[in-house]
Structures are given as structure tokens and as C-alpha cells.
Amino acid sequence: MSAGMQVRGIATVLGDDIDTDIIFPGRYLAVLRPEDQARHLFEPLGEALRLQVMGGGVIAAGWNFGCGSSREHAVTAMIGAGVRLVIAKSFSRIFFRNAVNNGLAVVMDEALAGAVRAGDEVQADLRAGIARVAGTGHGFAPLSAEVLEILASGGLWAARPRKVVA
């Protein structure tokens with residue numbers, strides 16, 4: 001893979017229409033630290049799945065991932081759990097922006113998401129638009145320079161220009 005923004009991990013695979021209540025239940029919205037939020041990640045789907053996600057760092061999903069409410073907790077809980085990349089056939093628009101704004105890499109590609117199986121090792125070069133899934137190469141639309149800059153900075157807040165106030 002070329003020099004660029006690279007992500008590697010073991011995949012957990014989810015289906016279609018995984019909404020923000022499944023990702024991070026609303027009853028925990030008062031939990032603010034991502035590390036603490038991670039304890040409730042995918043709670044409706046069971047502890048075994050949460051532990052699998054935390055051990056792997058990559059999620060592959062179907063259509064409409066992150067639908068539902070606009071809560072950033074769905075993204076920050078994943079970050080707190082060590083998720084570095086989410087690949088999906090499609091994302092809710094607000095979830096996609098929340099992910100980028102908080103520094104979580106997201107790739108929307110139907111073929112790539114469909115190629116990933118649970119337990120596969122996934123390597124992705126976000127700049128080049130190249131992924132390896134269980135040793136097989138796949139192309140996807142590379143992320144834009146602006147999105148890569150935000151991700152490399154750790155999120156939009158960290159990437160914004162600073163003004164010095166005297």
C-alpha cells in the first residue's frame with residue numbers, strides 16, 4: 001500500500017439499518033467520556049458483539065448505517081472502543097458527517113462492504129482508495145484531501161485554524 005492514511009484491523013460485520021439507538025442507547029446520553037461510552041456500545045446486540053468490536057477496530061455494515069437520531073455519542077462511543085474504520089454500503093448523512101467531524105474514518109462502498117466477512121483482516125489506505133480484505137485487493141473512492149486532513153487531525157475541532165486573541 002502507498003504512503004497515506006492507513007487503517008488496519010479485524011472486522012465485525014453488521015447488517016442493514018443499524019440505527020443510533022442500537023449503536024449507543026439514548027438512556028446513556030449523560031455519559032460523556034468516549035471510554036465510558038464504549039461500555040454501552042451496541043448494548044442491544046449483546047456483550048459478545050461489543051467485545052468483538054473492541055478487539056477488532058473495523059466495522060463493516062450494510063445499507064443505512066447510523067440512521068436515526070443525530071447523536072454524536074454513536075460515533076464517540078465507537079472511538080472510545082477503539083474502532084478506527086467503518087465501511088458500509090451506505091450511511092445516514094448526519095452519521096457520516098459526525099464520524100468525520102469526530103475523527104472516525106468512514107468509507108462508503110457497496111462492493112467493499114459486501115466483501116468483508118466477520119473476522120477478516122482489513123487494511124485500507126484511505127488516501128489511495130485501496131483495501132485488502134483477507135488478502136484480496138479492492139478499490140474504493142479515496143477520501144478527499146479535506147476529509148483526510150480532518151481525520152489526520154483527530155477531528156474537525158482539532159483541524160480548525162486557530163486565531164490568537166490578544
# chains A, B, ... in the order shown; residues from 1 in each chain; ligands from 1
>>> select_by_dssp(residues="segment 54-115 of chain A", states="helix (DSSP H, G or I)", output="PyMOL selection string")
chain A and resi 54-56+73-80+93-102+110-115
>>> closest_atom_pairs(of="segment 40-157 of chain A", to="segment 9-32 of chain A", cutoff="6 Å", atoms="only C-alpha atoms", output="tab-separated table")
residue	atom	partner	partner_atom	distance
A:Leu41	CA	A:Phe24	CA	5.2
A:Phe42	CA	A:Ile23	CA	4.5
A:Pro44	CA	A:Ile22	CA	5.9
A:Val53	CA	A:Thr12	CA	5.9
A:Gly56	CA	A:Ile10	CA	4.2
A:Gly57	CA	A:Gly9	CA	5.2
A:Val58	CA	A:Ala11	CA	4.7
A:Ile59	CA	A:Thr12	CA	4.9
A:Ala60	CA	A:Val13	CA	4.8
A:Ala61	CA	A:Leu14	CA	4.6
A:Gly62	CA	A:Asp16	CA	4.4
A:Trp63	CA	A:Asp16	CA	4.6
A:Asn64	CA	A:Asp17	CA	4.9
A:Phe65	CA	A:Ile18	CA	5.1
A:Gly66	CA	A:Asp19	CA	4.7
A:Cys67	CA	A:Asp19	CA	4.5
A:Gly68	CA	A:Asp19	CA	5.2
A:Ala74	CA	A:Phe24	CA	5.1
A:Ala118	CA	A:Thr12	CA	5.0
A:Gly119	CA	A:Ala11	CA	5.2
A:Asp120	CA	A:Ala11	CA	5.4
A:Glu121	CA	A:Ile10	CA	4.5
A:Val122	CA	A:Gly9	CA	5.5
>>> residues_around(residues="Leu143 of chain A", least_positions_apart="2", cutoff="10 Å", atoms="only C-alpha atoms", output="NGL selection string")
:A and (5 or 105-108 or 125-129 or 140-141 or 145-149 or 151)
>>> write_last_selection(atoms="all heavy atoms", output="compact mmCIF listing (two decimals), in the first residue's frame")
# COMPACT_ATOMS: atom_id res chain seq x y z
N MET A 5 -2.90 7.57 4.62
CA MET A 5 -3.59 7.33 5.88
C MET A 5 -4.08 5.90 5.87
O MET A 5 -5.03 5.57 5.18
CB MET A 5 -4.73 8.32 6.02
CG MET A 5 -5.33 8.30 7.35
SD MET A 5 -6.27 9.78 7.62
CE MET A 5 -6.68 9.50 9.31
N ALA A 105 -12.75 7.35 10.68
CA ALA A 105 -12.72 7.10 9.24
C ALA A 105 -13.94 6.29 8.81
O ALA A 105 -14.29 5.30 9.45
CB ALA A 105 -11.44 6.37 8.85
N VAL A 106 -14.58 6.73 7.73
CA VAL A 106 -15.74 6.05 7.17
C VAL A 106 -15.57 5.94 5.66
O VAL A 106 -15.19 6.90 5.00
CB VAL A 106 -17.05 6.79 7.51
CG1 VAL A 106 -17.48 6.52 8.93
CG2 VAL A 106 -16.94 8.29 7.29
N VAL A 107 -15.85 4.76 5.15
CA VAL A 107 -15.77 4.50 3.71
C VAL A 107 -17.11 3.94 3.27
O VAL A 107 -17.59 2.94 3.82
CB VAL A 107 -14.64 3.51 3.37
CG1 VAL A 107 -14.72 3.06 1.92
CG2 VAL A 107 -13.28 4.12 3.68
N MET A 108 -17.71 4.58 2.27
CA MET A 108 -18.97 4.10 1.72
C MET A 108 -18.70 3.45 0.37
O MET A 108 -18.33 4.12 -0.60
CB MET A 108 -19.97 5.26 1.56
CG MET A 108 -21.34 4.78 1.12
SD MET A 108 -22.63 6.06 1.21
CE MET A 108 -21.97 7.33 0.15
N ASP A 125 -6.03 1.90 2.75
CA ASP A 125 -5.29 3.14 2.54
C ASP A 125 -6.32 4.16 2.08
O ASP A 125 -6.79 4.12 0.94
CB ASP A 125 -4.20 2.94 1.49
CG ASP A 125 -3.32 4.17 1.30
OD1 ASP A 125 -3.85 5.30 1.39
OD2 ASP A 125 -2.13 3.99 1.05
N LEU A 126 -6.70 5.05 2.99
CA LEU A 126 -7.79 5.98 2.73
C LEU A 126 -7.43 7.02 1.69
O LEU A 126 -8.31 7.53 1.00
CB LEU A 126 -8.20 6.65 4.05
CG LEU A 126 -8.60 5.70 5.18
CD1 LEU A 126 -8.86 6.46 6.46
CD2 LEU A 126 -9.78 4.84 4.78
N ARG A 127 -6.16 7.34 1.57
CA ARG A 127 -5.71 8.31 0.58
C ARG A 127 -5.70 7.71 -0.83
O ARG A 127 -6.13 8.33 -1.78
CB ARG A 127 -4.32 8.83 0.93
CG ARG A 127 -3.81 9.94 0.02
CD ARG A 127 -2.45 10.48 0.44
NE ARG A 127 -2.30 10.75 1.86
CZ ARG A 127 -2.75 11.84 2.49
NH1 ARG A 127 -3.40 12.77 1.83
NH2 ARG A 127 -2.56 11.99 3.78
N ALA A 128 -5.25 6.47 -0.94
CA ALA A 128 -5.12 5.82 -2.24
C ALA A 128 -6.43 5.16 -2.70
O ALA A 128 -6.61 4.90 -3.89
CB ALA A 128 -4.01 4.78 -2.20
N GLY A 129 -7.32 4.87 -1.77
CA GLY A 129 -8.55 4.18 -2.13
C GLY A 129 -8.33 2.71 -2.44
O GLY A 129 -8.92 2.15 -3.35
N PHE A 140 -11.72 1.55 -3.82
CA PHE A 140 -12.87 2.36 -3.40
C PHE A 140 -12.51 3.81 -3.66
O PHE A 140 -11.34 4.14 -3.88
CB PHE A 140 -13.25 2.12 -1.92
CG PHE A 140 -12.17 2.45 -0.93
CD1 PHE A 140 -12.06 3.72 -0.39
CD2 PHE A 140 -11.27 1.48 -0.53
CE1 PHE A 140 -11.06 4.03 0.53
CE2 PHE A 140 -10.27 1.77 0.39
CZ PHE A 140 -10.16 3.04 0.91
N ALA A 141 -13.49 4.69 -3.65
CA ALA A 141 -13.23 6.11 -3.87
C ALA A 141 -12.40 6.64 -2.70
O ALA A 141 -12.82 6.55 -1.55
CB ALA A 141 -14.54 6.89 -3.98
N ALA A 145 -9.08 15.24 0.17
CA ALA A 145 -7.99 15.85 0.93
C ALA A 145 -8.51 16.54 2.18
O ALA A 145 -7.88 16.48 3.25
CB ALA A 145 -7.22 16.83 0.05
N GLU A 146 -9.68 17.18 2.07
CA GLU A 146 -10.26 17.89 3.23
C GLU A 146 -10.66 16.90 4.33
O GLU A 146 -10.38 17.13 5.51
CB GLU A 146 -11.48 18.71 2.81
CG GLU A 146 -11.16 19.85 1.87
CD GLU A 146 -11.06 19.42 0.40
OE1 GLU A 146 -11.35 18.26 0.06
OE2 GLU A 146 -10.65 20.26 -0.41
N VAL A 147 -11.29 15.81 3.94
CA VAL A 147 -11.69 14.80 4.92
C VAL A 147 -10.46 14.16 5.54
O VAL A 147 -10.39 13.97 6.76
CB VAL A 147 -12.63 13.75 4.29
CG1 VAL A 147 -12.82 12.55 5.21
CG2 VAL A 147 -13.98 14.37 3.96
N LEU A 148 -9.46 13.84 4.72
CA LEU A 148 -8.22 13.26 5.25
C LEU A 148 -7.53 14.19 6.24
O LEU A 148 -7.02 13.74 7.27
CB LEU A 148 -7.27 12.90 4.11
CG LEU A 148 -7.69 11.70 3.25
CD1 LEU A 148 -6.83 11.61 2.01
CD2 LEU A 148 -7.64 10.42 4.05
N GLU A 149 -7.55 15.48 5.96
CA GLU A 149 -6.95 16.45 6.88
C GLU A 149 -7.67 16.45 8.23
O GLU A 149 -7.05 16.47 9.29
CB GLU A 149 -6.95 17.85 6.28
CG GLU A 149 -6.36 18.90 7.18
CD GLU A 149 -6.43 20.31 6.60
OE1 GLU A 149 -6.78 20.47 5.42
OE2 GLU A 149 -6.13 21.25 7.35
N LEU A 151 -9.47 13.96 9.50
CA LEU A 151 -9.20 12.69 10.17
C LEU A 151 -7.80 12.67 10.76
O LEU A 151 -7.60 12.22 11.90
CB LEU A 151 -9.38 11.52 9.20
CG LEU A 151 -10.81 11.26 8.71
CD1 LEU A 151 -10.81 10.15 7.67
CD2 LEU A 151 -11.75 10.95 9.85
>>> closest_residue(among="A:Asn98, A:Gln123, A:Thr136, A:Gln37", to="Leu85 of chain A", atoms="only C-alpha atoms")
A:Gln123
>>> select_by_dssp(residues="segment 19-100 of chain A", states="strand (DSSP E or B)", output="list in words")
Asp19, Gly57, Val58, Ile59, Ala60, Ala61, Phe65, Cys67, Leu85, Val86, Ile87, Ala88 and Phe91 of chain A
>>> residues_around(residues="Ala124 of chain A", least_positions_apart="4", cutoff="6 Å", atoms="only C-alpha atoms", output="PyMOL selection string")
chain A and resi 6-7+130-131
>>> write_last_selection(atoms="C-alpha atoms", output="compact mmCIF listing (two decimals), in the first residue's frame")
# COMPACT_ATOMS: atom_id res chain seq x y z
CA GLN A 6 -3.72 3.62 6.61
CA VAL A 7 -6.04 1.68 8.87
CA ILE A 130 -7.15 0.67 -1.84
CA ALA A 131 -8.19 -2.00 0.62
>>> closest_residue(among="A:Leu51, A:Leu104, A:Phe95, A:Arg8", to="Val133 of chain A", atoms="only C-alpha atoms")
A:Arg8
>>> atom_distance(atom1="atom CA of Met54 of chain A", atom2="atom CA of Val75 of chain A")
13.6 Å
>>> atom_distance(atom1="atom CA of Ser144 of chain A", atom2="atom CA of Ser90 of chain A")
17.2 Å
